[in-house]
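S.K.: Below is the file input-v7.txt, which contains compact mmCIF, C-alpha atoms and all ligand atoms.
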# COMPACT_ATOMS: atom_id res chain seq x y z
CA MET A 1 36.73 137.59 -128.77
CA SER A 2 36.19 136.53 -125.20
CA HIS A 3 32.87 135.20 -123.93
CA PRO A 4 31.42 134.81 -120.46
CA PHE A 5 32.56 131.52 -118.94
CA ASP A 6 35.59 131.13 -121.25
CA ARG A 7 37.85 130.77 -118.24
CA GLU A 8 35.48 128.38 -116.46
CA ARG A 9 35.36 126.22 -119.59
CA GLU A 10 39.14 126.13 -119.89
CA VAL A 11 39.68 125.33 -116.20
CA ALA A 12 36.95 122.64 -116.22
CA SER A 13 38.47 121.02 -119.30
CA ARG A 14 41.93 120.98 -117.72
CA ALA A 15 40.52 119.61 -114.45
CA VAL A 16 38.69 116.63 -115.97
CA ARG A 17 41.68 115.77 -118.16
CA GLU A 18 44.01 115.67 -115.17
CA ALA A 19 41.49 113.56 -113.23
CA ALA A 20 41.33 111.09 -116.14
CA ARG A 21 45.09 110.54 -115.70
CA ILE A 22 44.63 109.40 -112.12
CA CYS A 23 41.73 107.10 -113.08
CA ARG A 24 43.79 105.45 -115.80
CA ALA A 25 46.83 105.17 -113.54
CA VAL A 26 44.83 103.44 -110.79
CA ARG A 27 43.34 100.93 -113.22
CA GLY A 28 46.66 100.30 -114.88
CA LYS A 29 48.76 99.81 -111.77
CA HIS A 30 47.20 97.83 -108.99
CA GLY A 31 43.52 97.43 -109.74
CA PRO A 32 40.94 99.76 -108.30
CA ASP A 33 40.09 97.82 -105.08
CA PRO A 34 36.64 99.12 -104.28
CA VAL A 35 35.57 100.17 -100.80
CA ALA A 36 31.84 99.92 -100.02
CA LYS A 37 30.14 103.16 -99.00
CA GLY A 38 27.33 103.46 -96.46
CA ASP A 39 24.75 102.94 -99.24
CA LYS A 40 26.70 99.80 -100.38
CA SER A 41 27.75 101.41 -103.66
CA PRO A 42 31.47 101.09 -104.52
CA VAL A 43 34.05 103.85 -104.35
CA THR A 44 37.72 103.49 -105.25
CA VAL A 45 41.13 105.13 -104.85
CA ALA A 46 40.49 106.68 -108.25
CA ASP A 47 37.16 108.28 -107.24
CA PHE A 48 38.88 109.94 -104.27
CA GLY A 49 41.97 110.94 -106.25
CA SER A 50 39.89 112.41 -109.07
CA GLN A 51 37.82 114.45 -106.62
CA ALA A 52 40.96 115.70 -104.81
CA LEU A 53 42.61 116.93 -108.00
CA ILE A 54 39.51 118.59 -109.44
CA CYS A 55 38.61 120.35 -106.19
CA ALA A 56 42.20 121.59 -105.87
CA THR A 57 42.10 122.98 -109.41
CA LEU A 58 38.74 124.69 -108.90
CA ALA A 59 39.74 126.13 -105.53
CA ALA A 60 42.91 127.63 -107.02
CA ALA A 61 41.14 129.11 -110.05
CA PHE A 62 37.85 130.18 -108.41
CA PRO A 63 38.48 130.42 -104.67
CA GLY A 64 34.99 131.70 -103.89
CA ASP A 65 33.08 128.95 -105.69
CA PRO A 66 31.54 126.19 -103.55
CA ILE A 67 31.64 122.62 -104.87
CA MET A 68 28.99 119.93 -104.48
CA ALA A 69 30.77 116.65 -105.12
CA GLU A 70 29.73 113.03 -104.66
CA GLU A 71 32.47 111.83 -102.31
CA ASP A 72 33.87 112.96 -98.96
CA ALA A 73 36.95 111.98 -96.98
CA ALA A 74 35.18 110.72 -93.83
CA GLU A 75 35.77 107.01 -94.63
CA LEU A 76 39.41 107.69 -95.51
CA ARG A 77 40.01 109.23 -92.10
CA LYS A 78 39.03 105.97 -90.35
CA PRO A 79 41.99 103.87 -89.13
CA GLU A 80 40.75 100.77 -90.97
CA HIS A 81 41.07 102.61 -94.27
CA ALA A 82 44.63 103.83 -93.73
CA GLY A 83 45.80 101.69 -96.66
CA VAL A 84 43.32 103.27 -99.08
CA ARG A 85 44.13 106.72 -97.71
CA ASP A 86 47.85 106.20 -98.34
CA ARG A 87 47.21 105.01 -101.87
CA VAL A 88 44.98 108.02 -102.60
CA ALA A 89 47.74 110.30 -101.29
CA ALA A 90 50.40 108.48 -103.35
CA GLU A 91 48.34 108.69 -106.56
CA VAL A 92 47.63 112.39 -106.03
CA ALA A 93 51.32 113.03 -105.25
CA ALA A 94 52.31 111.25 -108.46
CA ILE A 95 50.54 114.04 -110.35
CA ARG A 96 50.98 116.91 -107.85
CA ALA A 97 54.45 116.28 -106.42
CA GLY A 98 54.81 116.83 -102.70
CA THR A 99 51.13 116.45 -101.76
CA ASP A 100 50.74 114.79 -98.35
CA ALA A 101 47.73 112.74 -97.17
CA GLU A 102 46.23 115.52 -95.05
CA THR A 103 46.32 117.93 -98.01
CA ALA A 104 44.71 115.38 -100.33
CA LEU A 105 41.91 114.68 -97.81
CA GLY A 106 41.38 118.42 -97.37
CA TRP A 107 40.99 118.81 -101.15
CA ILE A 108 38.39 115.99 -101.23
CA ASP A 109 36.42 117.75 -98.49
CA LEU A 110 36.31 120.99 -100.50
CA GLY A 111 33.47 119.25 -102.33
CA ASP A 112 31.20 119.35 -99.27
CA LEU A 113 28.50 121.78 -100.42
CA ASP A 114 25.11 120.21 -99.70
CA ARG A 115 22.58 122.90 -100.59
CA PHE A 116 21.72 125.20 -103.45
CA GLU A 117 23.87 128.31 -103.97
CA PRO A 118 23.56 131.07 -106.59
CA ARG A 119 26.77 129.83 -108.19
CA PHE A 120 28.38 126.44 -107.55
CA TRP A 121 30.14 123.54 -109.23
CA THR A 122 28.85 119.99 -109.12
CA LEU A 123 31.24 117.08 -109.55
CA ASP A 124 31.04 113.34 -110.04
CA PRO A 125 34.71 112.33 -109.84
CA ILE A 126 33.88 108.93 -111.37
CA ASP A 127 30.41 108.50 -112.72
CA GLY A 128 29.70 104.84 -113.40
CA THR A 129 32.12 103.42 -110.82
CA LYS A 130 30.70 99.97 -111.60
CA GLY A 131 31.66 100.47 -115.26
CA PHE A 132 35.12 101.63 -114.18
CA LEU A 133 35.52 98.44 -112.12
CA ARG A 134 34.46 96.30 -115.09
CA GLY A 135 36.91 98.10 -117.40
CA GLU A 136 33.99 99.52 -119.37
CA GLN A 137 32.52 103.03 -119.66
CA TYR A 138 32.84 105.67 -116.96
CA ALA A 139 33.01 109.45 -116.95
CA ILE A 140 34.42 112.37 -114.99
CA ALA A 141 31.60 114.91 -114.88
CA LEU A 142 31.92 118.55 -113.88
CA ALA A 143 29.36 121.34 -114.30
CA LEU A 144 28.93 124.94 -113.21
CA ILE A 145 25.41 125.93 -112.11
CA VAL A 146 24.53 129.62 -111.93
CA GLU A 147 21.10 130.78 -110.75
CA GLY A 148 19.86 127.21 -111.17
CA ARG A 149 20.98 126.90 -114.80
CA VAL A 150 23.83 124.70 -115.99
CA GLU A 151 26.19 127.12 -117.73
CA VAL A 152 29.36 125.08 -118.28
CA ALA A 153 29.91 121.33 -118.67
CA ALA A 154 33.04 119.22 -118.98
CA LEU A 155 32.74 115.45 -119.37
CA ALA A 156 35.75 113.18 -119.81
CA CYS A 157 35.00 109.66 -121.04
CA PRO A 158 38.34 107.81 -120.90
CA ASN A 159 37.04 104.61 -122.54
CA LEU A 160 34.77 106.11 -125.19
CA GLU A 161 35.98 106.20 -128.76
CA VAL A 162 35.81 109.73 -130.10
CA SER A 163 34.23 108.71 -133.36
CA ARG A 164 33.13 105.13 -132.60
CA LEU A 165 34.30 104.67 -136.18
CA ALA A 166 36.98 102.12 -136.96
CA SER A 167 40.16 103.83 -135.81
CA GLY A 168 39.11 106.72 -133.58
CA PRO A 169 41.36 107.17 -130.56
CA VAL A 170 39.94 105.95 -127.25
CA GLY A 171 39.14 108.68 -124.74
CA ALA A 172 37.09 111.81 -125.35
CA VAL A 173 36.39 115.12 -123.66
CA PHE A 174 33.03 116.77 -124.26
CA LEU A 175 32.59 120.47 -123.44
CA ALA A 176 29.61 122.80 -123.56
CA VAL A 177 28.76 126.35 -122.57
CA ARG A 178 25.11 127.34 -122.55
CA GLY A 179 24.20 129.08 -125.79
CA ARG A 180 27.51 128.22 -127.46
CA GLY A 181 27.19 124.61 -128.57
CA ALA A 182 28.94 121.40 -127.61
CA THR A 183 32.26 119.98 -128.77
CA VAL A 184 34.33 116.83 -128.53
CA CYS A 185 38.06 116.32 -128.66
CA PRO A 186 40.37 113.42 -127.93
CA LEU A 187 41.40 113.03 -124.31
CA ASP A 188 45.03 112.56 -125.36
CA GLY A 189 47.10 114.88 -127.49
CA ASP A 190 46.12 118.38 -128.47
CA ASP A 191 43.82 117.84 -131.41
CA VAL A 192 41.32 120.56 -132.14
CA GLU A 193 37.79 120.42 -130.80
CA ARG A 194 35.01 119.73 -133.22
CA PRO A 195 31.36 120.63 -132.78
CA ILE A 196 28.92 117.81 -132.17
CA THR A 197 25.24 117.59 -132.99
CA VAL A 198 22.49 115.14 -132.24
CA SER A 199 21.07 112.92 -135.00
CA ASP A 200 18.25 114.14 -137.21
CA ARG A 201 16.36 110.85 -137.04
CA ASP A 202 12.62 111.33 -136.78
CA ASP A 203 11.31 107.83 -137.48
CA PRO A 204 10.81 106.27 -134.04
CA THR A 205 10.93 102.74 -135.43
CA ARG A 206 14.56 103.38 -136.42
CA ALA A 207 15.53 104.96 -133.08
CA ARG A 208 18.68 103.74 -131.36
CA LEU A 209 18.11 103.62 -127.59
CA CYS A 210 20.69 103.58 -124.84
CA GLU A 211 20.36 102.84 -121.13
CA SER A 212 22.28 101.79 -118.00
CA VAL A 213 24.06 98.47 -117.82
CA GLU A 214 22.77 98.15 -114.26
CA SER A 215 19.12 97.10 -114.09
CA GLY A 216 19.02 98.55 -110.55
CA HIS A 217 19.63 102.05 -112.02
CA SER A 218 17.06 102.00 -114.81
CA ALA A 219 14.10 99.71 -115.38
CA HIS A 220 15.05 97.56 -118.38
CA ASN A 221 11.65 95.86 -118.59
CA GLU A 222 9.91 99.23 -118.88
CA SER A 223 12.29 100.58 -121.50
CA ALA A 224 11.64 97.42 -123.51
CA ALA A 225 7.90 98.16 -123.29
CA VAL A 226 8.48 101.77 -124.42
CA ALA A 227 10.65 100.56 -127.29
CA ALA A 228 7.89 98.14 -128.34
CA ARG A 229 5.29 100.95 -128.28
CA LEU A 230 7.56 103.07 -130.48
CA GLY A 231 8.09 100.13 -132.84
CA VAL A 232 11.86 100.16 -132.22
CA THR A 233 13.55 97.06 -133.58
CA GLU A 234 17.20 97.41 -132.51
CA PRO A 235 18.05 96.23 -128.98
CA PRO A 236 19.21 99.04 -126.65
CA VAL A 237 22.90 99.83 -126.29
CA ARG A 238 23.86 99.50 -122.64
CA LEU A 239 26.64 101.62 -121.23
CA ASP A 240 27.53 103.00 -117.83
CA SER A 241 27.74 106.63 -116.80
CA GLN A 242 27.06 109.92 -118.55
CA ALA A 243 28.77 108.41 -121.59
CA LYS A 244 25.09 107.84 -122.53
CA TYR A 245 24.50 111.60 -122.77
CA ALA A 246 27.71 111.93 -124.81
CA THR A 247 26.48 109.21 -127.17
CA VAL A 248 23.16 110.99 -127.79
CA ALA A 249 24.92 114.38 -128.12
CA SER A 250 27.22 113.01 -130.81
CA GLY A 251 24.38 111.44 -132.78
CA LEU A 252 25.49 107.84 -132.14
CA ALA A 253 22.26 107.10 -130.27
CA ASP A 254 18.94 108.94 -130.49
CA VAL A 255 17.38 108.33 -127.08
CA TYR A 256 18.68 107.79 -123.52
CA LEU A 257 16.08 106.40 -121.14
CA ARG A 258 16.60 106.37 -117.37
CA LEU A 259 13.42 104.94 -115.91
CA PRO A 260 12.93 104.81 -112.13
CA THR A 261 13.30 101.40 -110.51
CA ARG A 262 11.89 102.61 -107.18
CA ALA A 263 9.45 105.38 -106.35
CA ASP A 264 11.72 106.85 -103.67
CA TYR A 265 15.00 107.17 -105.65
CA ARG A 266 16.01 110.76 -106.32
CA GLU A 267 18.53 111.38 -109.08
CA ARG A 268 21.70 113.22 -107.92
CA ILE A 269 22.51 116.43 -109.73
CA TRP A 270 26.14 115.40 -110.44
CA ASP A 271 24.82 112.39 -112.37
CA HIS A 272 23.07 114.68 -114.86
CA ALA A 273 24.16 118.35 -114.91
CA ALA A 274 27.12 118.03 -117.27
CA GLY A 275 25.55 115.48 -119.61
CA ALA A 276 22.24 117.34 -119.83
CA LEU A 277 23.90 120.59 -120.96
CA ILE A 278 26.02 118.74 -123.53
CA VAL A 279 22.92 117.12 -125.07
CA ALA A 280 20.97 120.40 -125.03
CA GLU A 281 23.84 122.30 -126.67
CA ALA A 282 24.20 119.58 -129.29
CA GLY A 283 20.58 120.31 -130.25
CA GLY A 284 18.81 117.67 -128.17
CA THR A 285 16.17 117.76 -125.45
CA VAL A 286 16.44 116.57 -121.83
CA THR A 287 13.47 116.20 -119.46
CA ASP A 288 12.25 113.77 -116.85
CA VAL A 289 9.89 110.91 -117.74
CA ASP A 290 6.89 113.24 -117.42
CA GLY A 291 8.39 115.72 -119.88
CA LYS A 292 9.31 118.24 -117.15
CA PRO A 293 12.62 120.13 -117.36
CA LEU A 294 15.27 119.02 -114.85
CA ASP A 295 15.27 121.37 -111.83
CA PHE A 296 18.78 122.03 -110.51
CA THR A 297 17.66 124.48 -107.79
CA LEU A 298 16.67 121.96 -105.11
CA GLY A 299 20.02 120.99 -103.59
CA SER A 300 21.84 117.75 -104.27
CA THR A 301 18.92 115.88 -105.84
CA LEU A 302 16.48 116.38 -108.68
CA ALA A 303 13.72 116.16 -106.08
CA SER A 304 10.93 117.36 -108.36
CA ASN A 305 11.81 115.05 -111.26
CA ARG A 306 11.35 111.35 -111.93
CA GLY A 307 13.91 109.58 -114.10
CA VAL A 308 15.48 111.20 -117.17
CA VAL A 309 14.83 111.17 -120.91
CA ALA A 310 17.43 112.63 -123.28
CA THR A 311 16.77 112.60 -127.02
CA ASN A 312 17.78 114.21 -130.28
CA GLY A 313 14.82 116.58 -129.81
CA ARG A 314 12.80 115.45 -132.83
CA LEU A 315 11.87 112.18 -131.17
CA HIS A 316 11.17 113.68 -127.76
CA PRO A 317 7.38 114.13 -127.97
CA ARG A 318 6.96 110.57 -129.30
CA VAL A 319 9.09 109.12 -126.53
CA ILE A 320 7.24 111.01 -123.78
CA GLU A 321 3.95 109.87 -125.31
CA ALA A 322 5.17 106.25 -125.35
CA LEU A 323 6.17 106.58 -121.69
CA ARG A 324 2.60 107.51 -120.80
CA GLY A 325 1.65 104.00 -121.91
N1 LIG B 401 18.28 103.13 -107.86
C1 LIG B 401 18.97 103.93 -108.66
N2 LIG B 401 18.37 104.53 -109.71
C2 LIG B 401 19.05 105.34 -110.52
N3 LIG B 401 20.38 105.63 -110.39
C3 LIG B 401 21.04 105.07 -109.36
C4 LIG B 401 20.38 104.20 -108.46
N4 LIG B 401 21.28 103.79 -107.54
C5 LIG B 401 22.44 104.40 -107.84
N5 LIG B 401 22.32 105.16 -108.96
C6 LIG B 401 23.33 105.99 -109.61
O1 LIG B 401 23.45 105.72 -110.96
C7 LIG B 401 24.73 106.20 -111.40
C8 LIG B 401 25.31 105.30 -112.43
O2 LIG B 401 24.37 105.23 -113.45
P1 LIG B 401 24.56 104.32 -114.70
O3 LIG B 401 24.00 102.99 -114.34
O4 LIG B 401 23.77 105.03 -115.73
O5 LIG B 401 26.01 104.28 -114.98
C9 LIG B 401 25.60 106.29 -110.20
O6 LIG B 401 25.94 107.62 -109.99
C10 LIG B 401 24.72 105.74 -109.09
O7 LIG B 401 24.84 106.44 -107.90
P2 LIG B 401 25.98 106.04 -106.85
O8 LIG B 401 27.20 106.81 -107.26
O9 LIG B 401 25.46 106.47 -105.55
O10 LIG B 401 26.21 104.54 -106.95
MG MG B 402 27.39 109.02 -110.70
MG MG B 403 30.58 108.72 -108.77
MG MG B 404 29.02 106.44 -106.73
I need this file expressed as structure tokens, please.
M.R.:
Amino acid sequence: MSHPFDREREVASRAVREAARICRAVRGKHGPDPVAKGDKSPVTVADFGSQALICATLAAAFPGDPIMAEEDAAELRKPEHAGVRDRVAAEVAAIRAGTDAETALGWIDLGDLDRFEPRFWTLDPIDGTKGFLRGEQYAIALALIVEGRVEVAALACPNLEVSRLASGPVGAVFLAVRGRGATVCPLDGDDVERPITVSDRDDPTRARLCESVESGHSAHNESAAVAARLGVTEPPVRLDSQAKYATVASGLADVYLRLPTRADYRERIWDHAAGALIVAEAGGTVTDVDGKPLDFTLGSTLASNRGVVATNGRLHPRVIEALRG
């Protein structure tokens, strides 16, 4: 039986898998060589290559769908970045034979949507670039938003163990369609998908928390205070990227806290759309720190939300209460 969004799910899954190949290739071959963006955050050949491939796939499958993606090709068009541009083109051509630099840059710029639309994709070609550079966790995050609701999510986590049990393969793809649950399958090979669910833990003192590695992205001192109020004993697990949402969705952690470090930071929608649907479809709850649902109708940021809290659902009211101090 076919369902709405079956095709979107299949295309999104294929797109993030292909993008994972370019990310792994860049790390394996010559090191990622970051370039600093205007806001001083790093971006690499792999971020650009991933965005080029995914935008090309979406444009071919759904030509009318706009894409709101994190990166653009403006820096790559500058003469001083000719070297990076040529490497992006070469990496894209290694997967899509015959692609020239102008075509690759054009694909990157397909992700230029900057305002809300009734139906659009949002893409983070590498979420957790700092984790990618350290050889730790990162994710390729793609979501379809229709009428302000996340309907489809695909999240590739190339360095996450599928089971986190002894011998699970490294590299996982998480998929979700609203109302139809969330699944995981290995990034490599063609193993079947299996459904995932959040934990059923309801004793806050036993809760396993996760948070950003980067203290500039989430206030570690405040999460420690929240953990103390809940009576949590285990130290938090720190990992980069939306791998945190995947960890809560698969029941390996119970709570993901992202606590604002500055009053003026607005979360970007591509940092949350895919992960939030995967947690919700695995049975969990996602809100901001005040307990408000995330609002994806306001353009590229979650302008009406502060921070993010994702939990297994059962613990959510206790965590929000602990956040109130
Ligand atoms: N001050 C901040 N607060 C919260 N998130 C931030 C902040 N600065 C950057 N980010 C974003 O956090 C994400 C990584 O989060 P994590 O630490 O959980 O892996 C990146 O997408 C990064 O955006 P950017 O891509 O602009 O660097
Ligand atoms: Mg990101
Ligand atoms: Mg990114
Ligand atoms: Mg970035």
S.K.: Select, from A:Gly106, A:Pro204, A:Gly83, A:Pro186, the residue with the minimum atom-to-atom distance to His316 in chain A, counting all atoms listed in the file.
M.R.: A:Pro204
S.K.: Between CA of Leu123 in chain A and CA of Leu175 in chain A, what is the spacing in Å?
M.R.: 14.4 Å
S.K.: May I ask which of the residues A:Val255, A:Ala176, A:Ala141, A:Val213 is the closest one to ligand MG 402 (chain B), counting only C-alpha atoms and all ligand atoms?
M.R.: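 Closest to ligand MG 402 (chain B), using only C-alpha atoms and all ligand atoms: A:Ala141.
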S.K.: If we count all atoms listed in the file, what is near Leu142 in chain A at a cut-off of 12 Å, once residues fewer than 5 positions away on the same chain are taken out, given as a PDB file with C-alpha atoms, in the frame of the given file?
M.R.:
ATOM      1  CA  GLU A   8      35.480 128.380-116.460  1.00  0.00           C
ATOM      2  CA  ARG A   9      35.360 126.220-119.590  1.00  0.00           C
ATOM      3  CA  VAL A  11      39.680 125.330-116.200  1.00  0.00           C
ATOM      4  CA  ALA A  12      36.950 122.640-116.220  1.00  0.00           C
ATOM      5  CA  SER A  13      38.470 121.020-119.300  1.00  0.00           C
ATOM      6  CA  ARG A  14      41.930 120.980-117.720  1.00  0.00           C
ATOM      7  CA  ALA A  15      40.520 119.610-114.450  1.00  0.00           C
ATOM      8  CA  VAL A  16      38.690 116.630-115.970  1.00  0.00           C
ATOM      9  CA  ARG A  17      41.680 115.770-118.160  1.00  0.00           C
ATOM     10  CA  ALA A  19      41.490 113.560-113.230  1.00  0.00           C
ATOM     11  CA  SER A  50      39.890 112.410-109.070  1.00  0.00           C
ATOM     12  CA  GLN A  51      37.820 114.450-106.620  1.00  0.00           C
ATOM     13  CA  ILE A  54      39.510 118.590-109.440  1.00  0.00           C
ATOM     14  CA  CYS A  55      38.610 120.350-106.190  1.00  0.00           C
ATOM     15  CA  THR A  57      42.100 122.980-109.410  1.00  0.00           C
ATOM     16  CA  LEU A  58      38.740 124.690-108.900  1.00  0.00           C
ATOM     17  CA  ILE A  67      31.640 122.620-104.870  1.00  0.00           C
ATOM     18  CA  MET A  68      28.990 119.930-104.480  1.00  0.00           C
ATOM     19  CA  ALA A  69      30.770 116.650-105.120  1.00  0.00           C
ATOM     20  CA  GLU A  70      29.730 113.030-104.660  1.00  0.00           C
ATOM     21  CA  GLY A 111      33.470 119.250-102.330  1.00  0.00           C
ATOM     22  CA  PHE A 120      28.380 126.440-107.550  1.00  0.00           C
ATOM     23  CA  TRP A 121      30.140 123.540-109.230  1.00  0.00           C
ATOM     24  CA  THR A 122      28.850 119.990-109.120  1.00  0.00           C
ATOM     25  CA  LEU A 123      31.240 117.080-109.550  1.00  0.00           C
ATOM     26  CA  ASP A 124      31.040 113.340-110.040  1.00  0.00           C
ATOM     27  CA  PRO A 125      34.710 112.330-109.840  1.00  0.00           C
ATOM     28  CA  ILE A 126      33.880 108.930-111.370  1.00  0.00           C
ATOM     29  CA  ASP A 127      30.410 108.500-112.720  1.00  0.00           C
ATOM     30  CA  VAL A 150      23.830 124.700-115.990  1.00  0.00           C
ATOM     31  CA  GLU A 151      26.190 127.120-117.730  1.00  0.00           C
ATOM     32  CA  VAL A 152      29.360 125.080-118.280  1.00  0.00           C
ATOM     33  CA  ALA A 153      29.910 121.330-118.670  1.00  0.00           C
ATOM     34  CA  ALA A 154      33.040 119.220-118.980  1.00  0.00           C
ATOM     35  CA  LEU A 155      32.740 115.450-119.370  1.00  0.00           C
ATOM     36  CA  ALA A 156      35.750 113.180-119.810  1.00  0.00           C
ATOM     37  CA  CYS A 157      35.000 109.660-121.040  1.00  0.00           C
ATOM     38  CA  VAL A 173      36.390 115.120-123.660  1.00  0.00           C
ATOM     39  CA  PHE A 174      33.030 116.770-124.260  1.00  0.00           C
ATOM     40  CA  LEU A 175      32.590 120.470-123.440  1.00  0.00           C
ATOM     41  CA  ALA A 176      29.610 122.800-123.560  1.00  0.00           C
ATOM     42  CA  GLN A 242      27.060 109.920-118.550  1.00  0.00           C
ATOM     43  CA  ILE A 269      22.510 116.430-109.730  1.00  0.00           C
ATOM     44  CA  TRP A 270      26.140 115.400-110.440  1.00  0.00           C
ATOM     45  CA  ASP A 271      24.820 112.390-112.370  1.00  0.00           C
ATOM     46  CA  HIS A 272      23.070 114.680-114.860  1.00  0.00           C
ATOM     47  CA  ALA A 273      24.160 118.350-114.910  1.00  0.00           C
ATOM     48  CA  ALA A 274      27.120 118.030-117.270  1.00  0.00           C
ATOM     49  CA  GLY A 275      25.550 115.480-119.610  1.00  0.00           C
ATOM     50  CA  ALA A 276      22.240 117.340-119.830  1.00  0.00           C
ATOM     51  CA  LEU A 277      23.900 120.590-120.960  1.00  0.00           C
ATOM     52  CA  ILE A 278      26.020 118.740-123.530  1.00  0.00           C
TER      53      ILE A 278
END
S.K.: Report as JSON, numbers by chain which protein, DNA and RNA residues come within 9 Å of ligand LIG 401 (chain B), using only C-alpha atoms and all ligand atoms.
M.R.: {"A": [37, 39, 40, 41, 42, 43, 70, 71, 124, 126, 127, 128, 129, 130, 131, 137, 138, 139, 211, 212, 213, 214, 215, 216, 217, 218, 219, 238, 239, 240, 241, 242, 243, 244, 258, 259, 260, 261, 262, 264, 265, 266, 267, 268, 270, 271, 307]}
S.K.: Need the shell around Trp107 in chain A: protein/DNA/RNA residues with any atom at most 7 Å away, counting all atoms listed in the file. Skip same-chain ones fewer than 4 positions apart. Format as a ChimeraX atom specification?
M.R.: /A:52,55-56,103
S.K.: Just to confirm, what's the straight-line distance from CA of Arg27 in chain A to CA of Val237 in chain A in Å (one decimal)?
M.R.: 24.3 Å
S.K.: Which is closer to Thr311 in chain A than all the others in A:Arg208, A:Lys292, A:Arg324, A:His220, using only C-alpha atoms?
M.R.: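 When distances to Thr311 in chain A are compared using only C-alpha atoms, the smallest one comes from A:Arg208.
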S.K.: What is the distance, in Å and to one decimal place, between CA of Ala310 in chain A and CA of Glu147 in chain A?
M.R.: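 Separation between CA of Ala310 in chain A and CA of Glu147 in chain A: 22.4 Å.
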S.K.: Which residue is closest to ligand MG 404 (chain B)? Choose from A:Ala60, A:Ala25, A:Arg149, A:Ala46 and count only C-alpha atoms and all ligand atoms.
M.R.: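 Closest candidate: A:Ala46.
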S.K.: Of the residues A:Asp112, A:Glu91, A:Ile140, A:Val309, which is the one nearest to ligand MG 402 (chain B), using only C-alpha atoms and all ligand atoms?
M.R.: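 Selected residue with least distance to ligand MG 402 (chain B): A:Ile140.
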S.K.: Here is a test: counting all atoms listed in the file, which residue of A:Phe132, A:Phe296, A:Tyr256, A:Tyr245 is nearest to ligand MG 404 (chain B)?
M.R.: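 The answer is A:Phe132, which sits nearest to ligand MG 404 (chain B).
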S.K.: Set up a box along x, y and z of the file covering all listed atoms of range 295-314 of chain A, add 8 Å on every one of the six sides, and write the centre and edge lengths in Å to one decimal, as lines of an AutoDock Vina configuration file.
M.R.:
center_x = 16.4
center_y = 117.0
center_z = -118.2
size_x = 26.9
size_y = 30.9
size_z = 45.2
S.K.: Leaving out range 99-101 of chain A and any residue of its chain fewer than 2 positions from it, which residues lie within 9 Å of it when counting all atoms listed in the file, given as a list of chain:residue names?
M.R.: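 Close residues of range 99-101 of chain A: A:Arg85, A:Asp86, A:Val88, A:Ala89, A:Ala90, A:Val92, A:Ala93, A:Ala94, A:Ile95, A:Arg96, A:Ala97, A:Thr103, A:Ala104, A:Leu105, A:Gly106.
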S.K.: Excluding same-chain residues fewer than 6 positions from Glu117 in chain A, what lies within 10 Å of it counting only C-alpha atoms, as a PyMOL selection string?
M.R.: chain A and resi 65-68+145-148+297-299
S.K.: Would you pick out the contacts of Leu209 in chain A at 9 Å or less, using only C-alpha atoms, so that residues sharing its chain but fewer than 5 positions from it are not included, and give the list as JSON, numbers by chain?
M.R.: {"A": [223, 227, 232, 234, 235, 236, 237, 238, 248, 253, 254, 255, 256, 257]}
